[in-house]
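Shown next: upload21.txt, given as compact mmCIF, C-alpha atoms.
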```
# COMPACT_ATOMS: atom_id res chain seq x y z
CA MET A 1 7.69 4.94 18.19
CA LEU A 2 10.49 4.84 15.62
CA ASN A 3 14.27 5.04 16.01
CA MET A 4 14.92 7.50 13.20
CA GLU A 5 18.64 7.65 13.98
CA ARG A 6 18.90 4.08 12.68
CA ALA A 7 16.78 4.58 9.56
CA GLU A 8 18.52 3.19 6.48
CA LEU A 9 17.81 2.07 2.93
CA VAL A 10 17.16 -1.65 2.58
CA CYS A 11 19.03 -1.74 -0.76
CA ASP A 12 20.44 0.58 -3.41
CA VAL A 13 17.35 0.43 -5.66
CA ILE A 14 15.98 3.94 -6.20
CA GLY A 15 12.59 3.81 -7.87
CA THR A 16 10.34 6.39 -9.48
CA LEU A 17 7.10 5.63 -7.61
CA SER A 18 7.79 2.86 -5.10
CA GLU A 19 4.69 1.51 -3.34
CA SER A 20 2.95 -1.37 -1.56
CA PRO A 21 5.62 -2.88 0.74
CA VAL A 22 4.57 -6.32 2.00
CA TRP A 23 6.59 -8.51 4.36
CA ASP A 24 6.56 -12.25 3.69
CA GLU A 25 7.36 -13.95 7.00
CA ARG A 26 7.75 -17.36 5.33
CA ARG A 27 10.54 -16.17 3.06
CA GLN A 28 11.75 -13.42 5.43
CA THR A 29 11.54 -11.20 2.37
CA LEU A 30 10.19 -7.74 1.62
CA PHE A 31 8.22 -7.29 -1.61
CA TRP A 32 7.24 -3.95 -3.15
CA CYS A 33 6.45 -2.47 -6.55
CA ASP A 34 7.26 0.55 -8.67
CA ILE A 35 4.15 1.87 -10.38
CA MET A 36 5.80 3.93 -13.12
CA GLU A 37 8.73 1.56 -13.76
CA LYS A 38 6.22 -1.33 -14.09
CA LYS A 39 8.27 -3.60 -11.84
CA LEU A 40 8.03 -5.90 -8.86
CA HIS A 41 10.93 -6.02 -6.41
CA SER A 42 11.99 -8.06 -3.42
CA ILE A 43 14.89 -8.03 -1.00
CA VAL A 44 16.04 -10.52 1.61
CA PRO A 45 17.48 -8.19 4.27
CA SER A 46 19.62 -10.89 5.89
CA SER A 47 21.48 -11.64 2.67
CA GLY A 48 20.89 -8.61 0.47
CA LYS A 49 19.53 -10.84 -2.32
CA HIS A 50 17.47 -8.69 -4.69
CA TRP A 51 14.88 -9.88 -7.22
CA THR A 52 13.00 -7.86 -9.81
CA ARG A 53 10.37 -8.66 -12.43
CA ALA A 54 9.16 -6.35 -15.20
CA LEU A 55 5.45 -6.43 -16.05
CA PRO A 56 3.58 -5.07 -19.10
CA ASP A 57 1.71 -2.21 -17.37
CA THR A 58 1.66 -0.04 -14.26
CA VAL A 59 2.20 -2.17 -11.14
CA SER A 60 0.31 -0.49 -8.33
CA CYS A 61 0.01 -2.96 -5.44
CA LEU A 62 0.50 -6.57 -4.41
CA GLY A 63 -0.32 -9.13 -1.76
CA LEU A 64 0.71 -12.59 -0.61
CA CYS A 65 -1.15 -15.79 -1.53
CA GLU A 66 -1.61 -18.91 0.55
CA SER A 67 0.18 -20.82 -2.22
CA GLY A 68 3.29 -18.63 -1.99
CA LYS A 69 2.47 -16.72 -5.17
CA LEU A 70 1.95 -12.97 -5.31
CA ILE A 71 -1.33 -11.34 -6.29
CA VAL A 72 -0.54 -8.20 -8.27
CA ALA A 73 -2.48 -5.24 -9.69
CA CYS A 74 -1.16 -4.49 -13.18
CA GLY A 75 -2.96 -1.92 -15.32
CA MET A 76 -6.58 -3.06 -14.92
CA GLN A 77 -5.66 -6.73 -14.53
CA ILE A 78 -5.17 -8.87 -11.45
CA LEU A 79 -2.23 -11.23 -11.93
CA LEU A 80 -0.88 -14.22 -10.02
CA VAL A 81 2.91 -14.12 -10.12
CA ASP A 82 5.08 -17.01 -8.95
CA PRO A 83 8.45 -15.49 -7.97
CA GLU A 84 10.03 -18.94 -7.64
CA ASN A 85 9.15 -20.20 -11.12
CA ASP A 86 8.78 -16.80 -12.81
CA THR A 87 5.31 -17.61 -14.12
CA ILE A 88 2.38 -15.24 -14.56
CA GLU A 89 -1.32 -15.93 -14.99
CA THR A 90 -4.26 -13.54 -15.26
CA LEU A 91 -6.88 -13.96 -12.56
CA ALA A 92 -9.29 -11.22 -13.67
CA THR A 93 -9.68 -7.99 -15.61
CA ILE A 94 -11.59 -5.20 -13.91
CA PRO A 95 -13.82 -3.20 -16.27
CA ALA A 96 -13.38 0.56 -16.39
CA PRO A 97 -16.54 2.64 -15.88
CA ASP A 98 -17.93 3.79 -19.25
CA ASP A 99 -14.75 2.41 -20.86
CA LEU A 100 -12.82 5.47 -19.68
CA PRO A 101 -9.03 5.26 -19.20
CA CYS A 102 -8.38 3.94 -15.69
CA ARG A 103 -5.78 2.01 -13.75
CA LEU A 104 -5.69 0.07 -10.51
CA ASN A 105 -4.18 1.84 -7.53
CA ASP A 106 -3.76 0.91 -3.87
CA GLY A 107 -4.85 -2.51 -2.66
CA ARG A 108 -4.41 -5.11 0.06
CA VAL A 109 -5.41 -8.67 0.88
CA GLY A 110 -8.05 -8.60 3.60
CA PRO A 111 -8.81 -10.93 6.53
CA ASP A 112 -11.57 -12.45 4.39
CA GLY A 113 -8.92 -13.86 2.02
CA ALA A 114 -9.96 -11.49 -0.79
CA PHE A 115 -7.88 -8.92 -2.65
CA TRP A 116 -9.28 -5.42 -2.09
CA LEU A 117 -8.20 -2.76 -4.55
CA GLY A 118 -9.21 0.59 -5.94
CA THR A 119 -9.40 1.98 -9.45
CA MET A 120 -8.74 5.55 -10.50
CA ASP A 121 -8.72 7.86 -13.50
CA ALA A 122 -5.46 7.27 -15.38
CA GLY A 123 -5.10 10.90 -16.43
CA ALA A 124 -2.89 13.63 -14.97
CA PHE A 125 -3.12 13.73 -11.18
CA ASN A 126 -4.36 17.32 -11.01
CA ASP A 127 -7.18 16.48 -13.42
CA ILE A 128 -8.37 13.21 -11.87
CA ARG A 129 -12.14 12.76 -11.97
CA PRO A 130 -14.19 11.04 -9.23
CA MET A 131 -14.67 7.85 -11.23
CA GLY A 132 -12.70 5.61 -8.88
CA GLN A 133 -14.15 2.43 -7.43
CA LEU A 134 -13.35 -0.12 -4.73
CA TRP A 135 -13.33 -3.78 -5.81
CA ARG A 136 -13.22 -7.10 -3.98
CA ALA A 137 -11.64 -10.02 -5.83
CA THR A 138 -11.64 -13.68 -4.81
CA ALA A 139 -10.31 -16.71 -6.67
CA THR A 140 -13.70 -17.12 -8.35
CA ASP A 141 -15.42 -13.73 -8.35
CA ILE A 142 -14.95 -9.96 -8.51
CA ARG A 143 -17.44 -7.31 -7.48
CA CYS A 144 -17.54 -3.53 -7.11
CA THR A 145 -18.26 -2.48 -3.52
CA GLU A 146 -18.04 1.32 -3.72
CA THR A 147 -18.09 4.11 -6.31
CA GLY A 148 -17.55 7.90 -6.32
CA LEU A 149 -13.89 7.72 -5.27
CA THR A 150 -11.13 9.81 -6.82
CA CYS A 151 -7.82 8.32 -5.72
CA PRO A 152 -8.66 5.38 -3.40
CA ASN A 153 -5.77 4.64 -1.10
CA GLY A 154 -4.68 3.61 2.38
CA LEU A 155 -6.42 0.21 2.59
CA ALA A 156 -5.50 -1.59 5.80
CA PHE A 157 -7.12 -4.01 8.26
CA SER A 158 -6.76 -4.59 12.00
CA ALA A 159 -5.12 -7.77 13.23
CA ASP A 160 -8.44 -9.24 14.39
CA GLY A 161 -10.05 -8.45 11.02
CA THR A 162 -12.84 -6.26 12.41
CA VAL A 163 -11.67 -2.83 11.23
CA MET A 164 -11.05 -1.56 7.70
CA TRP A 165 -9.17 1.69 7.12
CA HIS A 166 -9.48 3.51 3.81
CA SER A 167 -8.50 6.91 2.40
CA ASP A 168 -8.83 9.07 -0.69
CA SER A 169 -5.71 11.04 -1.58
CA VAL A 170 -7.57 13.66 -3.64
CA GLN A 171 -10.74 14.00 -1.57
CA ARG A 172 -8.37 14.02 1.43
CA TRP A 173 -10.16 11.91 3.99
CA ILE A 174 -9.32 8.88 6.12
CA ARG A 175 -12.23 6.60 7.00
CA ARG A 176 -12.53 3.91 9.70
CA ARG A 177 -15.10 1.17 9.11
CA HIS A 178 -16.41 -1.94 10.82
CA PHE A 179 -15.54 -5.02 8.77
CA ASP A 180 -17.01 -8.54 8.74
CA ARG A 181 -14.22 -10.97 7.88
CA ARG A 182 -16.69 -13.80 7.21
CA THR A 183 -18.68 -11.99 4.53
CA GLY A 184 -16.38 -9.20 3.36
CA LEU A 185 -19.06 -6.62 4.14
CA PHE A 186 -18.30 -3.23 5.69
CA ASP A 187 -20.35 -0.31 6.96
CA GLU A 188 -20.20 3.38 6.05
CA GLY A 189 -17.96 4.01 9.03
CA ARG A 190 -16.85 7.52 9.81
CA ILE A 191 -14.27 9.96 8.53
CA ILE A 192 -11.70 10.43 11.30
CA ALA A 193 -9.41 12.94 9.53
CA ARG A 194 -9.33 15.37 6.62
CA PRO A 195 -5.59 16.01 6.21
CA THR A 196 -4.50 19.09 4.29
CA LYS A 197 -1.49 19.21 1.97
CA GLU A 198 0.51 20.64 4.88
CA ASP A 199 -0.71 17.88 7.23
CA GLY A 200 0.25 15.22 4.72
CA ARG A 201 -2.15 14.13 2.00
CA PRO A 202 -3.09 10.50 2.86
CA ASP A 203 -1.37 7.87 0.74
CA GLY A 204 -0.81 4.22 1.71
CA GLY A 205 -1.41 2.95 5.21
CA CYS A 206 -0.83 0.05 7.57
CA VAL A 207 -1.99 -1.03 11.03
CA ASP A 208 0.19 -2.13 13.94
CA GLY A 209 -0.61 -4.86 16.43
CA ASP A 210 -2.31 -2.42 18.81
CA GLY A 211 -4.70 -1.13 16.15
CA ARG A 212 -2.98 2.16 15.36
CA TYR A 213 -3.19 3.33 11.74
CA TRP A 214 0.00 4.58 10.07
CA SER A 215 -0.84 6.88 7.16
CA ALA A 216 1.87 8.08 4.78
CA GLY A 217 1.55 11.87 4.53
CA VAL A 218 2.97 11.94 1.03
CA SER A 219 2.80 15.72 0.55
CA ALA A 220 4.46 16.61 3.86
CA GLY A 221 7.23 14.02 4.31
CA VAL A 222 5.65 12.46 7.40
CA LEU A 223 3.86 9.44 8.80
CA ASN A 224 0.64 10.36 10.61
CA ILE A 225 -0.25 7.84 13.31
CA HIS A 226 -3.89 7.58 14.38
CA GLY A 227 -5.24 5.68 17.35
CA ASP A 228 -7.94 3.07 16.91
CA ASP A 229 -10.50 5.79 17.69
CA GLY A 230 -9.01 8.04 14.99
CA THR A 231 -7.12 10.43 17.27
CA LEU A 232 -3.89 11.75 15.74
CA LEU A 233 -1.26 10.43 18.15
CA GLU A 234 2.00 11.35 16.47
CA LYS A 235 3.48 12.88 13.32
CA ILE A 236 6.89 11.44 12.44
CA PRO A 237 9.15 13.19 9.87
CA MET A 238 10.64 10.88 7.26
CA PRO A 239 14.11 11.08 5.64
CA VAL A 240 12.52 11.91 2.25
CA PRO A 241 9.76 14.36 1.26
CA HIS A 242 7.33 11.84 -0.26
CA PRO A 243 6.76 8.63 1.76
CA THR A 244 4.11 6.51 0.06
CA MET A 245 3.32 3.52 2.31
CA SER A 246 4.66 1.47 5.21
CA CYS A 247 4.48 -2.05 6.59
CA PHE A 248 5.84 -3.88 9.60
CA GLY A 249 8.23 -6.76 9.08
CA GLY A 250 11.51 -8.32 10.04
CA PRO A 251 11.91 -11.46 12.17
CA ASP A 252 9.99 -9.90 15.08
CA PHE A 253 7.76 -7.50 13.09
CA ARG A 254 9.51 -4.58 14.77
CA THR A 255 10.97 -3.03 11.62
CA LEU A 256 8.89 -0.48 9.73
CA PHE A 257 9.56 -0.55 5.97
CA VAL A 258 8.63 2.67 4.18
CA THR A 259 8.48 3.19 0.41
CA SER A 260 8.85 6.61 -1.21
CA HIS A 261 8.70 8.34 -4.57
CA ARG A 262 10.58 10.85 -6.72
CA ASN A 263 7.93 11.13 -9.42
CA ASN A 264 7.60 14.68 -10.83
CA MET A 265 10.14 16.07 -8.35
CA ASP A 266 12.07 19.08 -9.60
CA GLU A 267 15.82 18.78 -10.07
CA GLU A 268 16.63 20.90 -7.02
CA THR A 269 14.60 18.63 -4.72
CA ARG A 270 16.06 15.48 -6.29
CA THR A 271 19.54 16.87 -5.62
CA ARG A 272 18.65 17.64 -1.99
CA PHE A 273 17.04 14.23 -1.45
CA PRO A 274 18.89 11.82 -3.76
CA ARG A 275 17.50 8.75 -1.97
CA SER A 276 13.88 9.65 -2.69
CA GLY A 277 12.27 6.65 -4.35
CA GLY A 278 14.14 4.27 -2.07
CA VAL A 279 12.75 1.87 0.53
CA TRP A 280 13.62 2.54 4.15
CA ALA A 281 13.96 0.22 7.15
CA ILE A 282 13.36 1.85 10.53
CA PRO A 283 13.51 0.09 13.93
CA ALA A 284 10.24 0.41 15.84
CA ASN A 285 9.26 -0.04 19.47
CA VAL A 286 5.83 -1.26 18.43
CA GLU A 287 5.03 -4.57 16.75
CA GLY A 288 3.15 -5.44 13.59
CA PHE A 289 1.61 -8.74 12.52
CA PRO A 290 1.72 -11.09 9.48
CA ALA A 291 -0.05 -9.95 6.32
CA PHE A 292 -3.31 -11.66 5.44
CA ARG A 293 -3.04 -14.04 2.49
CA PHE A 294 -5.18 -14.40 -0.61
CA ALA A 295 -7.19 -17.62 -0.64
CA ASP A 296 -6.04 -19.08 -3.96
CA GLY A 297 -6.94 -22.65 -3.13
CA ALA A 298 -3.47 -23.79 -2.11
```
Show me, as structure tokens, the structure contained in the file I just sent.
Amino acid sequence: MLNMERAELVCDVIGTLSESPVWDERRQTLFWCDIMEKKLHSIVPSSGKHWTRALPDTVSCLGLCESGKLIVACGMQILLVDPENDTIETLATIPAPDDLPCRLNDGRVGPDGAFWLGTMDAGAFNDIRPMGQLWRATATDIRCTETGLTCPNGLAFSADGTVMWHSDSVQRWIRRRHFDRRTGLFDEGRIIARPTKEDGRPDGGCVDGDGRYWSAGVSAGVLNIHGDDGTLLEKIPMPVPHPTMSCFGGPDFRTLFVTSHRNNMDEETRTRFPRSGGVWAIPANVEGFPAFRFADGA
């Protein structure tokens, strides 16, 4: 499904914990963030033009808005960032359960025009408690839709808006759910995989145009591709040991962009894989589709 012989970095930016790649077909630009460096990035592949913006807290995920702005998870706040005018406004602040230290994690704009995002314990990864939640944010309202999560991740939606994929990186499951794009409601669904560390602990995910789910196996250096019914179809080794998330983009949506991390890697591994933390572009023989956009009233 991927031409790994032609895999290459999209630019020379090497991050610490790069995440949440999103292709903007209007600008023909790739956006992504670096959680630990507290930065937004973008690159125009055709010209190599790079943009970056520092923010005041961890930057865990982002999405596109109908207006052309970006919707961004920063700490426990949801921000609207205008990359053209370099302006920032706060849309909402998500409350932490029992006022415990938390941060936002993975998120994605859904087919209902809302920003879906998870919260997690902000402590050390090995000590994370199951206090994570899943939230739905619109331009006028936010609400908690699920509790009992540990490290919510892997949010992705099918092109027709009827399927929601979701994972938990600590509880190690991937769930497929039926989704109602009119109401933003989803069912319990079913767990289609329980990946081990060796299989590839599930991190970020995306869906291609045929409904396959691409899960970043962050602990095993692979992408795990599941069919619409959940069947594991293929396991593709990546050029770095810790891929974090992927998205389809490029002029024909036949390039897979893959972010990665180097966070907490030992010096020997960093020396072996010096491009860990970079963002990769890999030609694909399958096609993606445009990202859904946040309904910000534009």
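Comparing A:Asp99, A:Glu19, A:Glu268, A:Asp228 by their smallest distance to A:Thr58, the closest is A:Glu19 (using only C-alpha atoms).
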Problem - Near-A:Asp160 list (9 Å; all atoms listed in the file; drop same-chain fewer than 2 positions) as a list in words - result: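 After dropping sequence-adjacent residues, the list is Pro111, Phe157, Ser158, Thr162, Val163 and Arg181 of chain A.
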Practice task
In Å, rounded to a single decimal, give me how far atom CA of A:Glu234 is from atom CA of A:Val279.
Solution key: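 Distance reported for this atom pair: 21.4 Å.
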Handout entry: Which of A:Thr259, A:Asn285, A:Ser46, A:Thr183 sits closest to A:Leu17 [using all atoms listed in the file]
Key =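 When distances to A:Leu17 are compared using all atoms listed in the file, the smallest one comes from A:Thr259.
Atom CA of A:Ile71 is positioned 7.5 Å from atom CA of A:Phe294.
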Exercise for the section: Between A:Met164, A:Leu64, A:Val13, A:Ala216, single out the one closest to A:Ser246, counting all atoms listed in the file. Expected result: A:Ala216
Exercise for the section: Find the residues around stretch 202-206 of chain A up to 6 Å (all atoms listed in the file counted), leave out those fewer than 3 positions away in its own chain, and share them as number ranges by chain. Expected result: A: 153-154, 156, 169, 213-218, 244-245, 247
Problem - Shell around A:Leu155 at 10 Å using all atoms listed in the file, local window under 4 positions removed, as a ChimeraX atom specification - result: /A:106-110,116-118,164-168,174-175,203-207,215
Exercise for the section: Work out how far apart atom CA of A:Asp296 and atom CA of A:Gly211 are and give it in Å to one decimal. Expected result: 27.0 Å
Exercise for the section: Return the single residue from A:Pro283, A:Gly278, A:Pro95, A:Gly230 that is closest to A:Phe248, with distances computed using all atoms listed in the file. Expected result: A:Pro283
Exercise for the section: Considering only C-alpha atoms, return as a ChimeraX atom specification whatever protein or nucleic-acid residues lie within 9 Å of A:Gly297, sequence-local ones (same chain, fewer than 2 positions apart) excluded. Expected result: /A:66-67,139,294-295
How big is the axis-aligned box, and where does its centre sit, when it encloses all atoms of stretch 103-116 of chain A listed in the file and has 3 Å added on every side, reported in Å to one decimal as AutoDock Vina command-line options?
```
--center_x -7.7 --center_y -5.9 --center_z -3.6 --size_x 13.8 --size_y 21.9 --size_z 26.3
```
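Considering the residues A:Leu232, A:Ala137, A:Val10, A:Val240 and counting only C-alpha atoms, A:Ala220 has its shortest atom-to-atom contact with A:Val240.
Distances to A:Ala193 were evaluated for A:Thr271, A:Gln133, A:Ser219, A:Asn224 using only C-alpha atoms, and the minimum falls at A:Asn224.
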Near stretch 35-45 of chain A, 12 Å: stretch 261-280 of chain A residue rows, closest pairs, all atoms listed in the file, as a Markdown table:
```
| residue | atom | partner | partner_atom | distance |
| --- | --- | --- | --- | --- |
| A:His261 | CA | A:Ile35 | CA | 9.8 |
| A:Arg262 | CA | A:Met36 | CA | 10.6 |
| A:Asn263 | CA | A:Met36 | CA | 8.4 |
| A:Asn264 | CA | A:Met36 | CA | 11.1 |
| A:Gly277 | CA | A:Ile35 | CA | 11.2 |
| A:Gly278 | CA | A:His41 | CA | 11.6 |
| A:Val279 | CA | A:Ile43 | CA | 10.2 |
| A:Trp280 | CA | A:Pro45 | CA | 11.4 |
```
Practice task
Give me the residues within 9 Å of A:Pro239 as a ChimeraX atom specification, counting all atoms listed in the file and dropping any in the same chain fewer than 4 places off.
Solution key: /A:4,7,221-222,243,273,275-276,280
